[in-house]
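K.L.:
First the structure, then my questions, so here it is.
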Amino acid sequence: MKKLLSITIILAVMLGACTQKTVEKRDISIIPKPVELIKGEGNFFLTSKTTIVYHDNEAVESIAEFFEDWIENPTGFDLEDSDDMNDNKKNAIIFKLSDEEMYGDEGYSLDVSERNIIITASKPAGLFYGMQTILQLLPAEIYSPQKAENITWNIPVVKIFDKPAFKWRGMHLDVSRHFFPKEFVKRYIDLIAMHKMNIFHWHLTDDNGWRIEIKKYPELTDISAWRVPRDEWRKAEPPKPGEEPTDGGYYTQEDIKEIIKYAADRQIEIIPEIEMPGHTSEVFAAFPDLSCQQKKLYVQPGSYWPNTDIFCAGNDSVFIFIEDVLDEVAELFPSKYIHIGGDEANKTEWKKCKKCQKRIKDENLKDENELQSWFIKKIEKYINSKGKRMIGWDEILEGGLAPEATVMSWRGFRGGIESAEMGHEVIMCPTSYCYFDYYQADPEFEPLAIGGFLPLKKVYSFNPIPEELSKDKAHFILGGQGNIWTEYISTPEHAEYMSVPRMTALAEVLWTNEDELNWDDFRIRLETELKRFDLMGINYSKGSFRINIQPSKQDDGSFSVILETEQLKPIHYTLDGSDPTPESPAYKEPIKINVSTTIKAAIFVDGELMEKFSEKTISMHKAVGKSITLKEPPHRRYKAKGAVSLVDGLKGSDNFRDGYWLGFEGKDMEAEIDLGEIMTVSSVSEIFFQRGPSWVFLPQKVTFELLDENKKRLAIKTVMAKANPKDEGAIRENFKAEFDNVNARYVKVHAYSMKKCPSWHEGAGGKSWIFTDEIVVE
């Protein structure tokens with residue numbers, strides 16, 4: 001990422017004398033934040049007499065027409081065009097190409113005077129982004145699809161120089177888990193364009209549906225694109241007699257061509273993803289002979305997990321099929337990249353498959369990891385022969401990376417760092433910053449999500465270039481992208497809700513230089529952006545208005561509650577369980593509590609409640625706020641706040657993905673609490689969760705142990721599970737041990753997991769989960 005030098009001097013030379021640089025104020029709300037902005041005095045007024053001026057250039061004409069079409073509905077103006085490239089032309093908006101190298105491929109300058117507006121760039125993409133900035137300088141009503149009344153369409157006098165920090169600024173959409181209509185895909189592309197992002201990663205195939213027409217294999221859209229409707233995701237239930245597979249859909253090649261042009265008109269490159277060698281169950285619904293098991297499958301709403309279905313790497317027919325598919329994909333998509341997935345390829349069947357084992361022997365491979373590498377390298381060679389480059393998820397590192405592969409690093413930064421150090425291009429999209437299918441506010445008030453917790457502020461803190469990476473390798477990091485996986489997202493409205501405003505935060509950190517990023521400044525500009533979303537009818541998340549209620553142990557040893565919000569608005573709260581009002585106390589500092597308390601908090605704007613009340617009950621007991629350690633950490637996706645979540649006085653809901661439960665996959669849970677002093681203990685209890693279809697079971701038993709200050713055992717009790725593993729529905733069971741008033745310093749809890757799903761379960765042999773919440777000591 002190159003730094004621009006002496007931008008202010010460049011502006012002065014390029015644009016002439018201008019007023020002194022000022023800090024952006026609320027009346028200018030541009031997202032992403034420009035590299036350099038110098039505000040002047042006065043305004044340019046857009047009227048029905050304004051002329052749009054541009055070179056006789058097809059690409060520039062398309063951008064000018066886009067601008068004209070956009071403003072026509074809200075303003076009612078049908079503007080005239082001109083090719084009179086005169087910088088002094090009055091009441092004109094001039095789109096101007098330049099051969100100045102400082103702009104690069106996507107940079108632009110914007111000179112707004114009272115006389116006219118001049119957008120200058122070296123490439124059409126820069127003109128498009130300059131045009132987007134003009135829209136943001138206009139009143140927010142310019143985003144209204146209907147005519148806005150009584151609006152003066154003024155643009156403040158300003159001089160801007162701008163270019164992106166990263167070349168890859170993307171958003172991903174999974175249309176396999178749930179199919180989304182063509183009209184929504186276009187609307188999603190509009191959001192990407194609005195944010196000056198330039199990549200749409202289109203996840204077109206996966207276990208749950210094939211979504212792209214391949215003319216040579218009509219079975220893929222006749223069979224693999226459809227499944228029997230099911231209300232519950234991940235419920236692997238075969239079709240019943242008479243049930244028809246009516247849930248699904250696909251995009252014809254004509255649809256795809258239309259969407260590609262739509263994106264190209266908005267300077268967006270579409271990257272198609274065709275999954276292999278795993279995540280291919282839907283293919284085997286139509287072509288079972290391409291799998292190791294050669295077993296016909298049915299397309300289902302959820303995934304078998306662990307999913308062992310995989311292309312047979314020892315079957316030459318597999319590569320004929322894949323190459324035929326890639327032929328049509330390469331012909332359809334003008335992008336230089338094709339994404340082949342490569343993630344979560346379970347190699348169990350390869351180990352058992354005679355053909356695959358023969359392939360390992362014939363190719364002198366060490367093991368199944370090297371077989372995957374051989375598979376990926378073979379596909380890369382074919383993709384390269386089509387004039388394309390291959391992208392894969394970071395699992396393609398396993399067994400050896402293909403020579404020219406670009407790596408998309410999702411399991412943290414490690415895979416991206418390793419790839420960049422080897423000289424490979426990398427796109428960073430770690431789950432902890434870029435998985436927008438995660439919850440973004442208190443899960444108790446949010447639509448069901450896959451788990452995790454990724455609020456707006458965390459997204460804004462994302463830096464695609466990790467500190468551990470060698471400085472001379474940083475240029476291999478192309479940028480980053482946000483990922484929308486749709487296991488729990490079934491409607492366009494829900495997809496929008498999960499995307500924005502997190503897309504807004506991501507767009508800024510990928511465009512704006514790191515030293516110019518400022519969370520508080522972003523929050524101010526976001527207020528206007530949300531107004532634009534309102535006018536566009538975007539179903540954006542208002543999670544940033546939610547109050548995060550978090551218990552906290554203070555330095556003086558007292559126990560307090562902290563109230564936080566991502567908005568720059570006062571928080572009003574109550575402690576007696578009543579609903580807060582604008583007259584309720586405003587939060588200023590941590591609230592000390594020493595008894596069980598129900599806290600309600602909210603934000604009000606102009607006296608109106610924003611969203612919903614946030615509410616938590618803090619249940620005080622002897623372990624609240626005490627020191628706690630875990631022998632093994634919880635799973636990274638279900639870690640809440642870590643071990644302290646077990647002694648914070650908060651209890652999770654009936655949704656084990658709500659961010660309060662700790663999940664342990666395939667292992668026991670062992671915890672030790674230090675009460676800090678000798679206390680009389682009469683009981684210890686811990687809550688566990690069960691939901692069989694999600695592979696979550698109660699522990700078989702839980703032992704509770706009391707120790708003295710030397711950690712010598714004083715008493716031990718074992719409590720067995722009451723519920724049956726086959727019991728249906730969501731079950732919360734409180735494992736409670738009674739003691740005869742034992743004076744103890746330490747409390748140890750050991751929950752014994754099944755570790756694997758039982759033989760009668762659909763996931764038989766796969767790792768099972770235990771989920772736990774609060775350990776209560778009384």
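Ordering of the structure tokens sets the chain letters (A, B, ...); residue numbers start at 1 within each chain; ligands are numbered from 1 in the order shown.
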Would you mind writing down, as a PyMOL selection string, each residue of segment 276-479 of chain A that DSSP on the backbone assigns to helix (DSSP H, G or I)?

P.N.:
chain A and resi 281-286+288-290+316-332+348-352+354-362+368-385+394-397+414-421+431-434+443-445+456-460+471-476

K.L.:
Determine, using only C-alpha atoms, which residues of segment 433-551 of chain A have any atom at most 12 Å from an atom of segment 396-408 of chain A, and tabulate each with its shortest atom pair and distance in Å to one decimal place, rows ordered by chain and then rising number, as a Markdown table.

P.N.:
| residue | atom | partner | partner_atom | distance |
| --- | --- | --- | --- | --- |
| A:Cys434 | CA | A:Met408 | CA | 11.8 |
| A:Pro464 | CA | A:Met408 | CA | 11.5 |
| A:Phe476 | CA | A:Thr406 | CA | 9.5 |
| A:Ile477 | CA | A:Val407 | CA | 9.7 |
| A:Leu478 | CA | A:Thr406 | CA | 9.6 |
| A:Gly479 | CA | A:Met408 | CA | 10.0 |
| A:Gly480 | CA | A:Met408 | CA | 8.7 |
| A:Gln481 | CA | A:Met408 | CA | 9.4 |
| A:Gly482 | CA | A:Met408 | CA | 11.5 |
| A:Asn483 | CA | A:Met408 | CA | 11.3 |

K.L.:
Can you spit out the residues from that selection as a short mmCIF file (atom, residue, chain, number, x, y, z; two decimals), in the first residue's frame, using C-alpha atoms?

P.N.:
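Listed below is the output, out-v3.cif:
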data_model
loop_
_atom_site.label_atom_id
_atom_site.label_comp_id
_atom_site.auth_asym_id
_atom_site.auth_seq_id
_atom_site.Cartn_x
_atom_site.Cartn_y
_atom_site.Cartn_z
CA CYS A 434 -15.16 -10.30 7.69
CA PRO A 464 -5.70 -6.62 5.94
CA PHE A 476 1.10 -9.31 -1.99
CA ILE A 477 -1.97 -8.47 0.12
CA LEU A 478 -4.45 -7.36 -2.54
CA GLY A 479 -7.07 -6.32 0.00
CA GLY A 480 -10.06 -7.89 1.72
CA GLN A 481 -13.74 -8.70 1.46
CA GLY A 482 -16.84 -9.31 3.53
CA ASN A 483 -18.51 -12.72 3.30
#

K.L.:
Mind the document's chain letters and residue numbers, and return as JSON, numbers by chain the residues of segment 550-698 of chain A that DSSP labels strand (DSSP E).

P.N.:
{"A": [550, 551, 552, 553, 559, 560, 561, 562, 563, 564, 571, 572, 573, 574, 591, 592, 597, 598, 599, 600, 601, 602, 603, 604, 605, 608, 609, 614, 615, 616, 617, 618, 627, 628, 629, 630, 662, 663, 664, 665, 669, 670, 671, 672, 673, 674, 675, 676, 677, 678, 679, 680, 681, 682, 683, 684, 685, 686, 687, 688, 689, 690]}

K.L.:
Record the distance separating atom CA of Lys667 of chain A and atom CA of Arg411 of chain A, expressed in Å with one decimal.

P.N.:
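Computing it gives 20.9 Å between the two atoms.
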
K.L.:
Between A:Leu297, A:Met536, A:Ile571, A:Ile562, which has the minimum distance to Leu609 of chain A (counting only C-alpha atoms)?

P.N.:
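Looking only at the distances to Leu609 of chain A, the closest residue turns out to be A:Ile571.
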
K.L.:
Applying 9 Å and only C-alpha atoms, which residues near Lys726 of chain A remain after dropping the ones on its own chain fewer than 3 positions away? List them as a VMD selection string.

P.N.:
chain A and resid 692 723 761

K.L.:
What's the 10 Å shell around segment 313-327 of chain A, counting only C-alpha atoms, without same-chain residues fewer than 6 positions away, as a PyMOL selection string?

P.N.:
chain A and resi 212-217+274+276-277+287+289-292+338+340+350+353-360+362+368+371-372+374-375+378-379+382-383+386

K.L.:
Would you export the selected residues with C-alpha atoms as a short mmCIF file (atom, residue, chain, number, x, y, z; two decimals), in the first residue's frame, please?

P.N.:
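Heads up, here's the output in result.cif:
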data_model
loop_
_atom_site.label_atom_id
_atom_site.label_comp_id
_atom_site.auth_asym_id
_atom_site.auth_seq_id
_atom_site.Cartn_x
_atom_site.Cartn_y
_atom_site.Cartn_z
CA ILE A 212 -25.33 -21.80 -12.69
CA GLU A 213 -26.60 -23.19 -15.98
CA ILE A 214 -24.06 -25.48 -17.65
CA LYS A 215 -25.41 -26.34 -21.08
CA LYS A 216 -23.42 -29.56 -21.42
CA TYR A 217 -24.87 -30.88 -18.15
CA ILE A 274 -17.27 -23.36 -8.36
CA MET A 276 -14.16 -28.52 -5.46
CA PRO A 277 -13.06 -31.09 -4.43
CA PHE A 287 -23.85 -37.61 -11.06
CA ASP A 289 -20.40 -41.82 -10.27
CA LEU A 290 -18.18 -38.77 -9.73
CA SER A 291 -17.91 -39.43 -5.99
CA CYS A 292 -15.80 -42.02 -4.23
CA ILE A 338 -11.98 -18.27 -11.17
CA ILE A 340 -12.42 -23.10 -6.98
CA TRP A 350 -10.08 -40.75 -0.29
CA CYS A 353 -11.14 -45.33 -2.08
CA LYS A 354 -9.08 -47.79 -4.15
CA LYS A 355 -8.94 -45.40 -7.11
CA CYS A 356 -7.68 -42.54 -4.95
CA GLN A 357 -5.08 -44.73 -3.28
CA LYS A 358 -3.92 -45.88 -6.71
CA ARG A 359 -3.63 -42.22 -7.75
CA ILE A 360 -1.47 -41.51 -4.71
CA ASP A 362 0.94 -43.64 -9.37
CA GLU A 368 -4.16 -37.49 1.03
CA LEU A 371 -3.44 -35.74 -3.25
CA GLN A 372 -5.50 -32.59 -2.63
CA TRP A 374 -2.16 -32.62 -6.85
CA PHE A 375 -5.88 -32.17 -7.55
CA LYS A 378 -4.15 -30.03 -12.01
CA ILE A 379 -7.19 -27.74 -11.97
CA TYR A 382 -6.35 -26.08 -16.77
CA ILE A 383 -7.62 -22.71 -15.54
CA LYS A 386 -8.03 -20.68 -20.37
#

K.L.:
So which residues touch Tyr54 of chain A within 7 Å, counting only C-alpha atoms, skipping near sequence neighbours fewer than 2 positions away, as a count of residues only?

P.N.:
10

K.L.:
Expressed in Å to a single decimal, how great is the separation between atom CA of Val684 of chain A and atom CA of Pro551 of chain A?

P.N.:
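These two atoms are separated by 20.7 Å.
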
K.L.:
Report as a list in words all protein, DNA and RNA residues lying within 6 Å of Asp773 of chain A, evaluated on only C-alpha atoms, omitting residues in the same chain fewer than 4 positions from it.

P.N.:
Leu646, Trp661 and Ile687 of chain A

K.L.:
Have a look at atom CA of Met131 of chain A and atom CA of Asp111 of chain A and let me know their distance in Å, one decimal.

P.N.:
11.7 Å

K.L.:
Which residue, A:His172, A:Lys39, A:His201, A:Lys147, has the smallest gap to Ile484 of chain A when you use only C-alpha atoms?

P.N.:
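Of A:His172, A:Lys39, A:His201, A:Lys147, the one nearest Ile484 of chain A, counting only C-alpha atoms, is A:His172.
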